[in-house]
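Some notes on the structure that comes next.
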Amino acid sequence: MTPAGTVAERRPGARQGETPASGVVSLRPFPYPYGAALAICSDLDETPTAADYLELMRFLNTTETTRHGVGVGLEVGNSIYFDMPSDQFSYWNADDRARAQVRALIQSGHVDCLHSFGDLATTRRHAGRALDDLSRHGCSLKVWVDHAIAPSNFGADIMRGSGDDPAAPVFHADLTVPFGIEYVWRGRVTSVVGQDTRRSLRGIASAAHPLASAVTIAKEAAKGALGRGARVRYAPHASNRVVWESTLRSGHRVYEFLRSNPTWAGISVYETRDGFGEVVTPPMLRRLVARQGACMLYTHLGKTRASDRRVGPATREALQRLSDAHARGEILVTTTARLLDLCRLRQGVAWTVLRNENHVRIEVSTAGASWTGSRPPLDGLTFYVPDACQVSLIIDGRPAQSTSMNPPDASGRRSVSLPWPRLSFPVLDRPCAG
């Protein structure tokens, strides 16, 4: 029963590009104090050894001294596959110790993407063997990323896979989705800077490369036009959403997502370790923050031309630039799975506001959310609230624990939030056998 003098307001999920008026309870786009978010969604292609794979993860996620220099201390995930040629690192190509360390990274959340089952996985038995091993060790993954043209891919158009075709020898969707896969990438990449905000082609043009950038802009304009028409393949480009509901050919419901390579050169250029510094530039980061966008960055940090395979100066500078932006509270840098959860949460979370002159009560309900767990991850959930009033945040009928009241941000509005805990990076053996 609503107390006398209290007004009840029903609030749906946040709308794309919404700028709420002062005094209105509304969902903040990102956890306080961040104005944008980015995940380095890296495919492990051409990583030669376990040592290379694990040392790069230490460099990205810690501030320890590594063979690449002092680590940049970000929160960065990685991907894994299984059946690959012997010259590429994969789960089955690693020794027992390296596999144990990969599993530790899966359990900590730092390996969060299944990058197909690999080039050599051609049957359902290959998929079952991989999933059985992960399950036996208590490992779960919720993100699937198609790989090149691996037979087990889910994408029928761009990535030419048949993992969701019940008539195919490599059909595995009925195994993989129940295993825990919720998010699927099927080859869609954009050059637009910032998703989950109004689509804009600004920021792609390069005065130093006018012709090449004009071609990239034209391609993106065409994708948007086709997506607004009847071309389902390009609909995600038109909406500029990070994540949306989708159905595999097998009938399994998943959430598909869009990756971004926001550079003047196009989606298939600079998407490597060596090219990282050409993408994560100061103008790109400033524009991401100005647009309050989310970026699922498409890259391959295992690909490099360096004979010693060390991270080069330009890439180190770009990673440090990103680390500094995170430390300043400008850009939330996190893993692929966590950013997808966040983007999906802010699309679908529902709440009721009960308010009177001096008090605001925000009641969040997760009962209707279609998550595989008991309820959606609510890490970092943040609401703008009016000034000069008390605030209560209630989750499924219970007072939220460890909430914090935040001072006004750049919009001049204060907020209340749930914590955004940092993932705990596991201790990895050094040096690791290749």
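By order of appearance in the structure tokens: chains A, B, ..., then residues from 1 within every chain, and ligands from 1 in the order shown.
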Spatial neighbours of stretch 208-222 of chain A, max dist 8 Å, only C-alpha atoms, sep filter under 3 positions, as number ranges by chain: A: 190-192, 201, 204-205, 225-226, 264-266
Could you give me, as a ChimeraX atom specification, the residues within 6 Å of stretch 82-95 of chain A, counting only C-alpha atoms and dropping anything in the same chain fewer than 6 positions from it? /A:46-50,117-121
Residues from the last selection, C-alpha atoms, saved as a CSV table (one decimal), in the first residue's frame:
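Written out: again_9.csv:
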```csv
chain,number,residue,atom,x,y,z
A,46,GLU,CA,47.8,-16.3,-34.1
A,47,THR,CA,48.8,-16.4,-30.4
A,48,PRO,CA,51.7,-19.0,-30.7
A,49,THR,CA,52.2,-20.2,-27.1
A,50,ALA,CA,50.6,-20.3,-23.6
A,117,PHE,CA,35.6,-24.6,-30.9
A,118,GLY,CA,38.5,-24.0,-33.4
A,119,ASP,CA,39.4,-24.6,-37.0
A,120,LEU,CA,39.7,-28.4,-36.6
A,121,ALA,CA,36.4,-28.8,-34.7
```
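The space separating atom CA of A:Glu330 from atom CA of A:Ala37 comes to 8.4 Å.
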By how many Å are atom CA of A:Arg233 and atom CA of A:Glu271 apart? 21.8 Å
For A:Ser246, which residue out of A:Gln320, A:Trp185, A:Leu56, A:Pro408 is the nearest one, using only C-alpha atoms?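 Selected residue with least distance to A:Ser246: A:Trp185.
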Would you pick out the contacts of stretch 171-184 of chain A at 9 Å or less, using only C-alpha atoms, so that residues sharing its chain but fewer than 6 positions from it are not included, and give the list as a PyMOL selection string? chain A and resi 114+123-125+127-128+131+135+140-146+152+154+162-165+243+246+248+250+252-257+337+340+371-372
Return as a Markdown table the residues of stretch 293-371 of chain A lying at most 12 Å from stretch 397-402 of chain A, together with the closest atom-to-atom pair for each and the distance in Å to one decimal, counting only C-alpha atoms, with rows in chain order and ascending residue number.
```
| residue | atom | partner | partner_atom | distance |
| --- | --- | --- | --- | --- |
| A:Trp351 | CA | A:Gly397 | CA | 11.4 |
| A:Thr352 | CA | A:Gly397 | CA | 11.4 |
| A:Arg361 | CA | A:Pro399 | CA | 10.0 |
| A:Ile362 | CA | A:Pro399 | CA | 9.8 |
| A:Glu363 | CA | A:Gly397 | CA | 7.2 |
| A:Val364 | CA | A:Gly397 | CA | 8.0 |
| A:Ser365 | CA | A:Gly397 | CA | 7.9 |
| A:Thr366 | CA | A:Gly397 | CA | 10.2 |
| A:Ala367 | CA | A:Gly397 | CA | 10.8 |
```
Which value, in Å to one decimal, gives the distance between atom CA of A:Asn78 and atom CA of A:Val111?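 Computing it gives 4.6 Å between the two atoms.
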Identify, with DSSP run on backbone atoms, the residues in stretch 145-219 of chain A assigned to strand (DSSP E or B), and express the list as an NGL selection string. :A and (145 or 183-185 or 189-190 or 195)
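Counting only C-alpha atoms, the residue from A:Ala51, A:Leu319, A:Val311, A:Leu297 that sits nearest to A:Leu339 is A:Leu297.
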For each of A:Gly229, A:Gly203, A:Pro426, A:Pro376, take the minimum atom-to-atom distance to A:Ala104, counting only C-alpha atoms, then give the residue where this is smallest. A:Pro426
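For the choices A:Val193, A:Cys139, A:Ala36, A:Leu301, the atom-to-atom distance to A:Tyr270 is smallest for A:Leu301 when using only C-alpha atoms.
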I want to know what sits within 10 Å of A:Thr336, based on only C-alpha atoms, with residues of the same chain fewer than 4 positions away left out; could you give that as a PyMOL selection string? chain A and resi 38-42+75-79+109-113+142-143+183+295-297+340-342
I need the residue nearest A:Leu44 from this list: A:Val24, A:Thr304, A:Ala325, A:Gly69. Use only C-alpha atoms for the distance.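 Closest to A:Leu44, using only C-alpha atoms: A:Thr304.
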Within 7 Å of A:Ser26 using only C-alpha atoms, minus same-chain residues under 2 positions, as a PyMOL selection string: chain A and resi 20+24+28+383-384
Considering only C-alpha atoms, return as a PyMOL selection string whatever protein or nucleic-acid residues lie within 10 Å of A:Gly275, sequence-local ones (same chain, fewer than 3 positions apart) excluded. chain A and resi 269-272+278-280+299-301+303-304+312+314-315
Return the single residue from A:Pro236, A:Gly187, A:Gly194, A:Gly348 that is closest to A:Arg291, with distances computed using only C-alpha atoms.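 Using only C-alpha atoms, the shortest distance to A:Arg291 belongs to A:Gly194.
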Among stretch 180-358 of chain A, which ones does DSSP assign to alpha helix (DSSP H) (computed from the backbone)? Answer as a VMD selection string. chain A and resid 210 to 228 235 to 239 276 to 279 282 to 290 313 to 327 336 to 348
